[in-house]
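Raw contents of target-v7.txt, compact mmCIF, C-alpha atoms:
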# COMPACT_ATOMS: atom_id res chain seq x y z
CA MET A 575 175.72 198.75 25.28
CA VAL A 576 172.54 200.72 25.13
CA LEU A 577 170.03 201.78 27.79
CA GLY A 578 166.55 200.30 27.50
CA LYS A 579 163.35 199.61 29.37
CA VAL A 580 161.60 196.24 29.30
CA ILE A 581 158.10 196.82 27.92
CA GLY A 582 156.80 193.32 27.27
CA THR A 583 157.36 189.74 26.26
CA VAL A 584 157.34 187.96 22.91
CA TRP A 585 155.73 184.54 22.50
CA ALA A 586 156.80 182.33 19.63
CA THR A 587 156.15 178.61 19.27
CA ARG A 588 157.68 178.06 15.82
CA LYS A 589 161.31 179.09 16.07
CA ASP A 590 164.87 178.00 15.54
CA GLU A 591 165.70 175.04 17.80
CA GLN A 592 168.44 177.00 19.52
CA LEU A 593 166.02 179.68 20.69
CA LYS A 594 163.91 177.17 22.64
CA GLY A 595 163.76 177.95 26.34
CA LEU A 596 165.10 181.47 25.99
CA LYS A 597 162.98 184.32 27.33
CA LEU A 598 162.43 186.99 24.68
CA GLN A 599 161.76 190.48 26.01
CA LEU A 600 160.61 193.56 24.16
CA VAL A 601 162.98 196.37 25.08
CA ARG A 602 162.47 200.00 24.20
CA GLU A 603 165.63 202.02 23.80
CA ILE A 604 165.66 205.03 26.17
CA ASN A 605 167.69 208.19 26.61
CA GLU A 606 169.94 208.80 29.60
CA ASP A 607 167.15 210.89 31.21
CA GLY A 608 164.77 207.92 30.97
CA SER A 609 162.69 209.28 28.09
CA ASP A 610 161.63 206.93 25.32
CA LYS A 611 163.32 206.50 21.97
CA SER A 612 161.36 205.07 19.06
CA ARG A 613 163.44 201.92 18.55
CA VAL A 614 162.24 198.64 20.08
CA VAL A 615 164.43 195.55 20.06
CA VAL A 616 163.69 191.94 21.02
CA CYS A 617 166.34 190.73 23.48
CA VAL A 618 167.12 187.43 25.10
CA ASP A 619 167.05 188.01 28.85
CA SER A 620 170.10 186.59 30.63
CA VAL A 621 169.58 188.37 33.96
CA GLY A 622 165.89 188.00 34.85
CA ALA A 623 164.73 191.53 34.12
CA GLY A 624 161.06 192.33 34.70
CA VAL A 625 158.73 194.58 32.75
CA GLY A 626 159.41 198.24 33.62
CA GLU A 627 163.02 197.74 34.63
CA THR A 628 165.87 199.79 33.13
CA VAL A 629 168.46 197.55 31.55
CA LEU A 630 171.62 197.49 29.47
CA PHE A 631 171.46 195.41 26.33
CA VAL A 632 174.32 194.22 24.18
CA GLN A 633 174.02 193.89 20.40
CA GLY A 634 175.73 192.08 17.55
CA SER A 635 178.21 189.24 17.95
CA SER A 636 178.86 190.36 21.53
CA ALA A 637 175.30 189.29 22.35
CA ARG A 638 176.50 185.69 21.91
CA GLN A 639 179.11 186.03 24.66
CA THR A 640 176.85 185.04 27.54
CA GLU A 641 176.50 181.46 28.72
CA MET A 642 172.84 181.46 27.70
CA THR A 643 173.36 182.70 24.15
CA ARG A 644 176.69 181.21 23.04
CA ASN A 645 176.65 180.07 19.37
CA LYS A 646 172.95 180.85 19.03
CA PRO A 647 171.15 183.04 16.49
CA VAL A 648 170.83 185.89 18.98
CA ASP A 649 171.86 189.47 18.21
CA ALA A 650 170.59 191.25 21.34
CA VAL A 651 170.80 190.26 25.01
CA ILE A 652 169.95 191.99 28.28
CA ALA A 653 173.23 191.87 30.21
CA ALA A 654 172.54 194.10 33.23
CA ILE A 655 169.77 195.71 35.24
CA VAL A 656 170.57 199.35 35.93
CA ASP A 657 170.43 200.56 39.54
CA LYS A 658 171.43 204.13 38.97
CA LEU A 659 172.83 206.56 36.42
CA ASP A 660 175.19 209.26 37.65
CA THR A 661 175.22 212.05 35.08
CA GLN A 662 176.70 215.49 35.33
CA MET B 1317 166.21 190.63 17.07
CA VAL B 1318 163.74 192.84 15.38
CA LEU B 1319 160.01 192.50 14.70
CA GLY B 1320 159.00 192.24 11.06
CA LYS B 1321 156.24 191.20 8.70
CA VAL B 1322 156.85 189.03 5.64
CA ILE B 1323 155.68 191.04 2.61
CA GLY B 1324 157.00 189.05 -0.33
CA THR B 1325 159.61 186.86 -1.93
CA VAL B 1326 162.80 187.58 -3.86
CA TRP B 1327 163.72 185.56 -6.94
CA ALA B 1328 167.34 185.47 -8.06
CA THR B 1329 168.89 183.02 -10.49
CA ARG B 1330 172.42 184.42 -10.61
CA LYS B 1331 173.76 184.32 -7.07
CA ASP B 1332 176.55 183.11 -4.84
CA GLU B 1333 176.70 179.30 -4.84
CA GLN B 1334 176.08 179.17 -1.12
CA LEU B 1335 172.74 180.96 -1.44
CA LYS B 1336 171.33 178.26 -3.73
CA GLY B 1337 168.26 176.59 -2.30
CA LEU B 1338 167.67 179.21 0.37
CA LYS B 1339 164.29 180.96 0.43
CA LEU B 1340 164.70 184.73 0.41
CA GLN B 1341 161.84 186.68 1.95
CA LEU B 1342 161.18 190.41 1.89
CA VAL B 1343 160.55 191.49 5.47
CA ARG B 1344 159.28 194.90 6.50
CA GLU B 1345 160.38 196.03 9.93
CA ILE B 1346 157.38 196.84 12.16
CA ASN B 1347 156.75 198.57 15.46
CA GLU B 1348 155.55 196.72 18.56
CA ASP B 1349 151.96 197.87 17.80
CA GLY B 1350 152.16 196.24 14.36
CA SER B 1351 152.51 199.46 12.37
CA ASP B 1352 154.95 199.61 9.49
CA LYS B 1353 158.45 201.03 9.60
CA SER B 1354 160.11 202.15 6.38
CA ARG B 1355 163.00 199.67 6.40
CA VAL B 1356 162.71 196.47 4.36
CA VAL B 1357 165.29 193.69 4.65
CA VAL B 1358 165.79 190.50 2.63
CA CYS B 1359 166.01 187.54 5.01
CA VAL B 1360 166.74 183.87 4.59
CA ASP B 1361 163.76 182.00 6.02
CA SER B 1362 164.77 179.20 8.39
CA VAL B 1363 161.33 178.59 9.89
CA GLY B 1364 158.86 178.49 6.98
CA ALA B 1365 157.18 181.85 7.50
CA GLY B 1366 154.43 182.83 5.06
CA VAL B 1367 153.55 186.21 3.62
CA GLY B 1368 151.68 188.30 6.19
CA GLU B 1369 153.14 186.59 9.23
CA THR B 1370 154.83 188.51 12.04
CA VAL B 1371 158.36 187.28 12.59
CA LEU B 1372 161.57 187.89 14.46
CA PHE B 1373 164.64 188.30 12.35
CA VAL B 1374 168.27 188.16 13.43
CA GLN B 1375 170.96 190.31 11.81
CA GLY B 1376 174.72 190.38 11.42
CA SER B 1377 177.03 187.47 12.21
CA SER B 1378 174.32 185.96 14.43
CA ALA B 1379 172.28 185.35 11.28
CA ARG B 1380 174.85 182.67 10.40
CA GLN B 1381 174.14 180.70 13.57
CA THR B 1382 171.30 178.60 12.18
CA GLU B 1383 171.86 175.23 10.57
CA MET B 1384 170.62 176.59 7.25
CA THR B 1385 172.88 179.64 7.14
CA ARG B 1386 176.14 178.54 8.78
CA ASN B 1387 179.25 179.94 7.03
CA LYS B 1388 177.14 181.48 4.28
CA PRO B 1389 177.01 185.08 3.04
CA VAL B 1390 173.79 185.76 4.93
CA ASP B 1391 173.31 188.75 7.23
CA ALA B 1392 169.60 188.42 8.06
CA VAL B 1393 167.53 185.35 8.93
CA ILE B 1394 163.97 184.81 10.11
CA ALA B 1395 164.41 182.85 13.34
CA ALA B 1396 160.89 182.80 14.82
CA ILE B 1397 157.22 183.32 13.96
CA VAL B 1398 155.56 185.50 16.58
CA ASP B 1399 152.37 184.19 18.21
CA LYS B 1400 151.73 187.06 20.55
CA LEU B 1401 153.23 190.21 22.04
CA ASP B 1402 152.44 191.03 25.65
CA THR B 1403 153.05 194.73 26.18
CA GLN B 1404 152.16 196.90 29.11
CA MET C 153 185.93 204.61 16.07
CA VAL C 154 183.70 207.43 17.08
CA LEU C 155 184.30 210.62 19.06
CA GLY C 156 182.49 210.91 22.37
CA LYS C 157 182.42 212.71 25.69
CA VAL C 158 182.08 210.88 29.01
CA ILE C 159 178.96 212.22 30.72
CA GLY C 160 178.43 209.84 33.61
CA THR C 161 178.61 206.39 35.13
CA VAL C 162 176.20 203.44 35.15
CA TRP C 163 175.69 201.38 38.30
CA ALA C 164 174.35 197.85 37.97
CA THR C 165 174.46 195.16 40.64
CA ARG C 166 172.57 192.42 38.79
CA LYS C 167 174.52 191.70 35.63
CA ASP C 168 176.23 189.04 33.61
CA GLU C 169 179.13 187.51 35.57
CA GLN C 170 181.62 188.60 32.93
CA LEU C 171 180.72 192.27 33.39
CA LYS C 172 181.69 192.22 37.07
CA GLY C 173 184.49 194.63 37.88
CA LEU C 174 184.21 196.56 34.63
CA LYS C 175 183.59 200.30 34.82
CA LEU C 176 180.60 201.30 32.69
CA GLN C 177 180.64 204.88 31.43
CA LEU C 178 177.89 206.86 29.74
CA VAL C 179 179.36 208.35 26.59
CA ARG C 180 177.61 210.93 24.43
CA GLU C 181 178.61 210.86 20.78
CA ILE C 182 179.97 214.24 19.65
CA ASN C 183 180.79 215.97 16.37
CA GLU C 184 184.34 216.86 15.34
CA ASP C 185 183.73 220.44 16.56
CA GLY C 186 182.85 219.14 20.03
CA SER C 187 179.11 219.73 19.74
CA ASP C 188 176.73 217.08 21.08
CA LYS C 189 174.97 214.41 19.06
CA SER C 190 171.82 212.80 20.42
CA ARG C 191 173.15 209.25 20.73
CA VAL C 192 174.42 208.02 24.11
CA VAL C 193 176.20 204.69 24.46
CA VAL C 194 177.31 202.74 27.54
CA CYS C 195 180.98 201.83 27.18
CA VAL C 196 183.40 199.76 29.20
CA ASP C 197 186.31 202.02 30.09
CA SER C 198 189.69 200.43 29.37
CA VAL C 199 191.77 203.60 29.70
CA GLY C 200 190.58 205.39 32.86
CA ALA C 201 188.66 208.24 31.24
CA GLY C 202 187.00 210.74 33.55
CA VAL C 203 183.70 212.57 33.18
CA GLY C 204 184.04 215.44 30.71
CA GLU C 205 186.92 213.94 28.77
CA THR C 206 186.81 213.51 24.99
CA VAL C 207 187.36 209.90 24.02
CA LEU C 208 187.38 207.47 21.13
CA PHE C 209 185.16 204.47 21.53
CA VAL C 210 185.17 201.27 19.53
CA GLN C 211 181.99 199.35 18.73
CA GLY C 212 180.94 195.86 17.72
CA SER C 213 183.18 192.78 17.85
CA SER C 214 186.24 195.07 17.84
CA ALA C 215 185.20 196.22 21.31
CA ARG C 216 186.19 192.76 22.54
CA GLN C 217 189.79 193.16 21.35
CA THR C 218 191.12 194.79 24.51
CA GLU C 219 192.62 192.79 27.36
CA MET C 220 189.80 193.93 29.64
CA THR C 221 186.93 192.95 27.37
CA ARG C 222 188.11 189.81 25.55
CA ASN C 223 185.33 187.21 25.12
CA LYS C 224 182.90 189.29 27.17
CA PRO C 225 179.41 190.53 26.27
CA VAL C 226 180.70 194.03 25.55
CA ASP C 227 179.91 195.91 22.32
CA ALA C 228 181.44 199.32 23.12
CA VAL C 229 184.73 200.23 24.77
CA ILE C 230 186.61 203.48 25.35
CA ALA C 231 190.00 202.85 23.72
CA ALA C 232 191.65 206.29 23.78
CA ILE C 233 191.47 209.71 25.41
CA VAL C 234 191.73 212.44 22.80
CA ASP C 235 194.37 215.13 23.30
CA LYS C 236 193.73 217.13 20.18
CA LEU C 237 191.92 217.14 16.85
CA ASP C 238 193.66 218.71 13.87
CA THR C 239 191.01 219.58 11.30
CA GLN C 240 191.31 221.65 8.19
CA MET D 809 170.57 191.47 2.78
CA VAL D 810 169.45 194.70 1.28
CA LEU D 811 168.09 195.61 -2.14
CA GLY D 812 170.26 197.87 -4.26
CA LYS D 813 170.92 199.09 -7.77
CA VAL D 814 174.39 199.25 -9.29
CA ILE D 815 175.05 202.88 -10.27
CA GLY D 816 178.74 202.93 -11.09
CA THR D 817 182.26 201.73 -10.49
CA VAL D 818 185.03 202.86 -8.15
CA TRP D 819 188.64 203.06 -9.35
CA ALA D 820 191.43 202.96 -6.79
CA THR D 821 195.10 202.28 -7.47
CA ARG D 822 196.45 202.72 -3.95
CA LYS D 823 194.70 200.18 -1.79
CA ASP D 824 195.15 197.33 0.65
CA GLU D 825 196.93 194.41 -1.06
CA GLN D 826 193.97 192.14 -0.44
CA LEU D 827 191.62 194.35 -2.41
CA LYS D 828 193.69 194.01 -5.60
CA GLY D 829 191.77 192.46 -8.46
CA LEU D 830 188.37 192.91 -6.82
CA LYS D 831 185.73 194.87 -8.73
CA LEU D 832 184.28 197.66 -6.59
CA GLN D 833 180.77 198.76 -7.51
CA LEU D 834 178.79 201.73 -6.30
CA VAL D 835 175.42 200.47 -5.14
CA ARG D 836 172.48 202.66 -4.21
CA GLU D 837 170.11 201.18 -1.68
CA ILE D 838 166.55 200.99 -3.04
CA ASN D 839 163.08 200.38 -1.69
CA GLU D 840 161.03 197.30 -2.53
CA ASP D 841 159.14 199.35 -5.16
CA GLY D 842 162.43 200.20 -6.88
CA SER D 843 162.59 203.82 -5.70
CA ASP D 844 165.92 205.22 -4.55
CA LYS D 845 167.10 205.55 -0.98
CA SER D 846 169.81 208.08 -0.12
CA ARG D 847 172.44 205.60 1.06
CA VAL D 848 175.18 204.50 -1.36
CA VAL D 849 177.59 201.70 -0.48
CA VAL D 850 180.72 200.44 -2.24
CA CYS D 851 180.45 196.67 -2.71
CA VAL D 852 182.77 194.00 -4.01
CA ASP D 853 180.98 192.29 -6.88
CA SER D 854 181.08 188.49 -6.64
CA VAL D 855 178.41 187.79 -9.27
CA GLY D 856 179.20 190.02 -12.26
CA ALA D 857 176.43 192.59 -11.86
CA GLY D 858 176.27 195.38 -14.40
CA VAL D 859 175.31 199.00 -13.97
CA GLY D 860 171.52 199.36 -13.70
CA GLU D 861 170.89 195.88 -12.33
CA THR D 862 168.96 195.25 -9.13
CA VAL D 863 171.02 193.29 -6.66
CA LEU D 864 171.14 191.94 -3.14
CA PHE D 865 174.13 192.96 -1.11
CA VAL D 866 175.37 191.45 2.14
CA GLN D 867 177.03 193.56 4.84
CA GLY D 868 179.32 193.09 7.82
CA SER D 869 181.28 189.94 8.57
CA SER D 870 178.90 187.96 6.35
CA ALA D 871 180.33 189.87 3.39
CA ARG D 872 183.53 187.87 3.93
CA GLN D 873 181.75 184.54 3.42
CA THR D 874 182.15 184.38 -0.36
CA GLU D 875 185.12 182.70 -2.02
CA MET D 876 186.19 186.05 -3.45
CA THR D 877 186.15 187.99 -0.18
CA ARG D 878 187.23 185.49 2.50
CA ASN D 879 189.53 187.02 5.15
CA LYS D 880 189.67 190.31 3.28
CA PRO D 881 188.89 193.84 4.49
CA VAL D 882 185.51 193.83 2.78
CA ASP D 883 182.27 194.75 4.56
CA ALA D 884 179.82 194.73 1.62
CA VAL D 885 179.44 192.27 -1.26
CA ILE D 886 176.91 191.84 -4.04
CA ALA D 887 175.72 188.25 -3.60
CA ALA D 888 172.78 187.99 -6.02
CA ILE D 889 171.18 189.65 -9.04
CA VAL D 890 167.43 190.01 -8.53
CA ASP D 891 165.13 188.64 -11.24
CA LYS D 892 161.83 189.49 -9.63
CA LEU D 893 160.19 190.66 -6.41
CA ASP D 894 156.80 189.20 -5.52
CA THR D 895 155.13 191.54 -3.08
CA GLN D 896 151.59 191.55 -1.82
CA MET E 475 182.76 200.12 2.16
CA VAL E 476 181.79 203.72 2.33
CA LEU E 477 183.10 206.81 0.56
CA GLY E 478 184.77 209.42 2.73
CA LYS E 479 187.10 212.39 2.73
CA VAL E 480 189.99 212.76 5.17
CA ILE E 481 189.43 215.97 7.12
CA GLY E 482 192.00 215.79 9.90
CA THR E 483 194.01 213.82 12.41
CA VAL E 484 193.32 212.66 15.96
CA TRP E 485 196.03 212.83 18.61
CA ALA E 486 195.75 210.60 21.67
CA THR E 487 198.54 209.79 24.14
CA ARG E 488 196.55 207.67 26.58
CA LYS E 489 195.16 204.74 24.63
CA ASP E 490 194.96 201.00 24.41
CA GLU E 491 198.44 199.49 23.92
CA GLN E 492 197.40 197.96 20.61
CA LEU E 493 196.56 201.35 19.11
CA LYS E 494 200.10 202.64 19.63
CA GLY E 495 201.79 203.62 16.38
CA LEU E 496 198.58 203.64 14.35
CA LYS E 497 197.65 206.84 12.53
CA LEU E 498 194.11 207.91 13.36
CA GLN E 499 192.39 210.00 10.72
CA LEU E 500 189.12 211.90 10.92
CA VAL E 501 187.04 210.89 7.92
CA ARG E 502 183.82 212.57 6.87
CA GLU E 503 181.37 210.34 5.03
CA ILE E 504 180.52 211.76 1.59
CA ASN E 505 177.95 211.14 -1.13
CA GLU E 506 178.85 209.75 -4.55
CA ASP E 507 178.79 213.31 -5.95
CA GLY E 508 181.40 214.36 -3.39
CA SER E 509 179.04 216.34 -1.17
CA ASP E 510 179.39 216.02 2.60
CA LYS E 511 177.32 213.82 4.86
CA SER E 512 177.04 214.65 8.56
CA ARG E 513 178.73 211.52 9.91
CA VAL E 514 182.41 211.65 10.85
CA VAL E 515 184.33 208.49 11.78
CA VAL E 516 187.83 208.00 13.17
CA CYS E 517 189.71 205.50 11.00
CA VAL E 518 193.08 203.82 11.20
CA ASP E 519 194.92 204.67 8.00
CA SER E 520 196.48 201.62 6.33
CA VAL E 521 197.24 203.26 2.97
CA GLY E 522 198.83 206.65 3.73
CA ALA E 523 195.90 208.89 2.82
CA GLY E 524 196.39 212.62 3.21
CA VAL E 525 193.94 215.30 4.31
CA GLY E 526 191.55 216.15 1.47
CA GLU E 527 191.78 212.79 -0.28
CA THR E 528 188.73 210.72 -1.14
CA VAL E 529 188.94 207.28 0.39
CA LEU E 530 187.09 204.05 0.98
CA PHE E 531 186.80 202.95 4.55
CA VAL E 532 185.82 199.56 5.90
CA GLN E 533 183.84 199.14 9.11
CA GLY E 534 183.15 196.49 11.73
CA SER E 535 185.08 193.23 12.06
CA SER E 536 186.27 193.58 8.45
CA ALA E 537 188.30 196.58 9.59
CA ARG E 538 190.53 194.11 11.42
CA GLN E 539 191.41 192.24 8.21
CA THR E 540 194.39 194.40 7.26
CA GLU E 541 197.94 193.56 8.35
CA MET E 542 198.06 196.77 10.38
CA THR E 543 194.84 196.22 12.32
CA ARG E 544 194.62 192.45 12.86
CA ASN E 545 193.28 191.51 16.32
CA LYS E 546 193.24 195.13 17.42
CA PRO E 547 190.38 197.21 18.85
CA VAL E 548 189.77 198.93 15.54
CA ASP E 549 186.35 199.17 13.89
CA ALA E 550 187.13 201.46 10.93
CA VAL E 551 190.08 201.47 8.54
CA ILE E 552 190.91 203.37 5.37
CA ALA E 553 191.53 200.62 2.81
CA ALA E 554 191.79 202.52 -0.48
CA ILE E 555 192.35 205.96 -1.96
CA VAL E 556 189.80 206.67 -4.69
CA ASP E 557 191.11 207.77 -8.10
CA LYS E 558 187.81 208.08 -9.88
CA LEU E 559 184.10 207.30 -9.63
CA ASP E 560 182.29 206.30 -12.81
CA THR E 561 178.58 206.89 -12.28
CA GLN E 562 175.76 206.83 -14.77
Kindly transcribe the structure held in the file into structure tokens.
Amino acid sequence: MVLGKVIGTVWATRKDEQLKGLKLQLVREINEDGSDKSRVVVCVDSVGAGVGETVLFVQGSSARQTEMTRNKPVDAVIAAIVDKLDTQ
Amino acid sequence: MVLGKVIGTVWATRKDEQLKGLKLQLVREINEDGSDKSRVVVCVDSVGAGVGETVLFVQGSSARQTEMTRNKPVDAVIAAIVDKLDTQ
Amino acid sequence: MVLGKVIGTVWATRKDEQLKGLKLQLVREINEDGSDKSRVVVCVDSVGAGVGETVLFVQGSSARQTEMTRNKPVDAVIAAIVDKLDTQ
Amino acid sequence: MVLGKVIGTVWATRKDEQLKGLKLQLVREINEDGSDKSRVVVCVDSVGAGVGETVLFVQGSSARQTEMTRNKPVDAVIAAIVDKLDTQ
Amino acid sequence: MVLGKVIGTVWATRKDEQLKGLKLQLVREINEDGSDKSRVVVCVDSVGAGVGETVLFVQGSSARQTEMTRNKPVDAVIAAIVDKLDTQ
């Protein structure tokens, strides 16, 4: 999984049937100190994350292993909202 | 998923049988502000996107989860046409 | 698999049901001489690795092939603790 | 899929049983204007592409979705020979 | 598949049960002219490659398609030892 920060929402009317009803969030990848990386990914949100929150997102086939995304054309999903990072 | 912009079409006569009849679009990856990235991917188009449109494309095994691409040698598919990005 | 060093722990209360009970470790990718790379990944820990230990982590669908992670939205897992690297 | 150009052939006698009889081509990734990228991938050739031809190659699990590569340890396959790119 | 050169061996006592008995080789990615790339991957060796040999390694779910790695948490496997590259 990768650390990210929700930075916005994507609106799309014309889309694959299986994406209907899924919330699509723009997530910027971040470093472990909270600083921005350049990569931005569009994730399905399975945990109700709001803009500004630090999250973990899952990529690839593993992104289809949530109830919300199973068997759907989804390659990135927010799977957790981060409370705290303990680094040493 | 990743943001992209359709920049052209690929024509190929000699190809795997399972790719026959699929529209292959050239898609440039873009940033969330609409600026170009250097990476260009060839995607199957499952939603009828035209040149110049901003799209979401899905990669990897998840690209085979649309009706059009199931069980085919396809690793990238346009799954949505973006109407609007709300960023903060 | 990739070489990494455990550098911390991620705490997340709100998460996908299937992630409950899994330990999430921050792992920095390292070179074969032990020096740091910039990429940091969040891995499920299936082998009880502690902070500072050198590990091997597995990514993608293969990360779901441990007993602890099977069928879960997990794309990175620590699968071994490295004792020694023999390089020539 | 990604655009590439066939630049050579790989010869290997000692290999996994399932790779026997498959033609392995060296493919350089190229940009949409035909210029070279630095990445070179070894692909199974399922369409009879010759050296110098522009091709599309498929990566990851989708590379196992051709008749020639099914269930084999193959992560890249040439799936089409490009006739023409229409870009705007 | 990607070209690499075996540069060493990884020793790990504490590891996932399914990795027991598998030889883990350090493989440096190389260019088609034999020069080094910076990326080093840990691969299961299914073909008996020795240090210094040029190999092809397979990544992702396809790395689980050898007899030795099936259903195991393995995302990279050496699948061939390269005899010769014909490039033009």
Output as JSON the centre and edge lengths (Å, one decimal) of the box along x, y and z of the file that holds every listed atom of range 540-559 of chain E after adding 5 Å on each side.
{"center_x": 191.1, "center_y": 199.8, "center_z": 4.5, "size_x": 24.0, "size_y": 26.6, "size_z": 38.7}
Could you make a table, as CSV, of the residues of chain B that have an atom within 12 Å of an atom of chain C, each with its nearest atom pair and distance in Å to one decimal, counting only C-alpha atoms, in chain and number order?
residue,atom,partner,partner_atom,distance
B:Gly1376,CA,C:Gly212,CA,10.4
B:Ser1377,CA,C:Ser213,CA,9.9
B:Ser1378,CA,C:Ser213,CA,11.7
Neighbours of point (182.4, 216.1, 2.2) within 10 Å, using only C-alpha atoms, written as a ChimeraX atom specification:
/E:477-481,501-514,526,528
Could you save those same residues with C-alpha atoms as a JSON list (two decimals), in the frame of the given file?
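See selection-v4.json below for the written result:
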[["chain", "number", "residue", "atom", "x", "y", "z"],
["E", 477, "LEU", "CA", 183.10, 206.81, 0.56],
["E", 478, "GLY", "CA", 184.77, 209.42, 2.73],
["E", 479, "LYS", "CA", 187.10, 212.39, 2.73],
["E", 480, "VAL", "CA", 189.99, 212.76, 5.17],
["E", 481, "ILE", "CA", 189.43, 215.97, 7.12],
["E", 501, "VAL", "CA", 187.04, 210.89, 7.92],
["E", 502, "ARG", "CA", 183.82, 212.57, 6.87],
["E", 503, "GLU", "CA", 181.37, 210.34, 5.03],
["E", 504, "ILE", "CA", 180.52, 211.76, 1.59],
["E", 505, "ASN", "CA", 177.95, 211.14, -1.13],
["E", 506, "GLU", "CA", 178.85, 209.75, -4.55],
["E", 507, "ASP", "CA", 178.79, 213.31, -5.95],
["E", 508, "GLY", "CA", 181.40, 214.36, -3.39],
["E", 509, "SER", "CA", 179.04, 216.34, -1.17],
["E", 510, "ASP", "CA", 179.39, 216.02, 2.60],
["E", 511, "LYS", "CA", 177.32, 213.82, 4.86],
["E", 512, "SER", "CA", 177.04, 214.65, 8.56],
["E", 513, "ARG", "CA", 178.73, 211.52, 9.91],
["E", 514, "VAL", "CA", 182.41, 211.65, 10.85],
["E", 526, "GLY", "CA", 191.55, 216.15, 1.47],
["E", 528, "THR", "CA", 188.73, 210.72, -1.14]]
Near range 819-821 of chain D, within 6 Å and counting all atoms listed in the file, which residues show up once chain neighbours fewer than 4 positions away are dropped, as a ChimeraX atom specification?
/E:555-558
Interatomic distance, CA of Ala871 in chain D to CA of Val818 in chain D (Å, one decimal)
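One can read the CA of Ala871 in chain D to CA of Val818 in chain D distance as 18.0 Å.
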Find the spatial neighbours of Gly582 in chain A, counting all atoms listed in the file, within a cut-off of 9 Å - ignore same-chain residues fewer than 3 positions away - and output them as a VMD selection string.
(chain A and resid 598 to 601 624 to 626) or (chain B and resid 1401 to 1404)
Report the distance between CA of Gln639 in chain A and CA of Met575 in chain A in Å, rounded to one decimal place.
13.2 Å
Show me the residues close to (190.3, 189.4, -7.8) - anything with an atom within 12 Å, counting only C-alpha atoms - and format the list as a short mmCIF file (atom, residue, chain, number, x, y, z; two decimals) with C-alpha atoms, in the frame of the given file.
data_model
loop_
_atom_site.label_atom_id
_atom_site.label_comp_id
_atom_site.auth_asym_id
_atom_site.auth_seq_id
_atom_site.Cartn_x
_atom_site.Cartn_y
_atom_site.Cartn_z
CA GLU D 825 196.93 194.41 -1.06
CA GLN D 826 193.97 192.14 -0.44
CA LEU D 827 191.62 194.35 -2.41
CA LYS D 828 193.69 194.01 -5.60
CA GLY D 829 191.77 192.46 -8.46
CA LEU D 830 188.37 192.91 -6.82
CA LYS D 831 185.73 194.87 -8.73
CA LEU D 832 184.28 197.66 -6.59
CA VAL D 852 182.77 194.00 -4.01
CA ASP D 853 180.98 192.29 -6.88
CA SER D 854 181.08 188.49 -6.64
CA GLY D 856 179.20 190.02 -12.26
CA GLU D 875 185.12 182.70 -2.02
CA MET D 876 186.19 186.05 -3.45
CA THR D 877 186.15 187.99 -0.18
CA ARG D 878 187.23 185.49 2.50
CA LYS D 880 189.67 190.31 3.28
#
For CA of Leu208 in chain C and CA of Val648 in chain A, determine how far apart the two atoms are, in Å to one decimal place.
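Going from CA of Leu208 in chain C over to CA of Val648 in chain A covers 27.3 Å.
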D:Arg822, D:Val810, D:Val849, D:Thr817 ranked by distance to Phe865 in chain D, top pick (using only C-alpha atoms):
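Of D:Arg822, D:Val810, D:Val849, D:Thr817, the one nearest Phe865 in chain D, counting only C-alpha atoms, is D:Val810.
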For Val529 in chain E, which residue out of E:Asp490, E:Ala553, E:Pro547, E:Cys517 is the nearest one, using only C-alpha atoms?
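Going through E:Asp490, E:Ala553, E:Pro547, E:Cys517 one by one, the smallest distance to Val529 in chain E is for E:Ala553.
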Add whatever atoms are absent from range 836-844 of chain D to reach N, CA and C atoms, and provide the output as a compact mmCIF listing (two decimals), in the frame of the given file.
# COMPACT_ATOMS: atom_id res chain seq x y z
N ARG D 836 173.44 201.84 -4.93
CA ARG D 836 172.48 202.66 -4.21
C ARG D 836 171.43 201.76 -3.60
N GLU D 837 171.16 201.95 -2.32
CA GLU D 837 170.11 201.18 -1.68
C GLU D 837 168.76 201.60 -2.26
N ILE D 838 167.87 200.65 -2.49
CA ILE D 838 166.55 200.99 -3.04
C ILE D 838 165.43 200.39 -2.19
N ASN D 839 164.26 200.92 -2.34
CA ASN D 839 163.08 200.38 -1.69
C ASN D 839 162.53 199.20 -2.48
N GLU D 840 161.57 198.50 -1.89
CA GLU D 840 161.03 197.30 -2.53
C GLU D 840 160.21 197.64 -3.78
N ASP D 841 159.84 198.93 -3.94
CA ASP D 841 159.14 199.35 -5.16
C ASP D 841 160.12 199.89 -6.20
N GLY D 842 161.42 199.78 -5.92
CA GLY D 842 162.43 200.20 -6.88
C GLY D 842 162.88 201.64 -6.74
N SER D 843 162.21 202.40 -5.87
CA SER D 843 162.59 203.82 -5.70
C SER D 843 163.90 203.93 -4.91
N ASP D 844 164.60 205.02 -5.15
CA ASP D 844 165.92 205.22 -4.55
C ASP D 844 165.86 205.54 -3.06
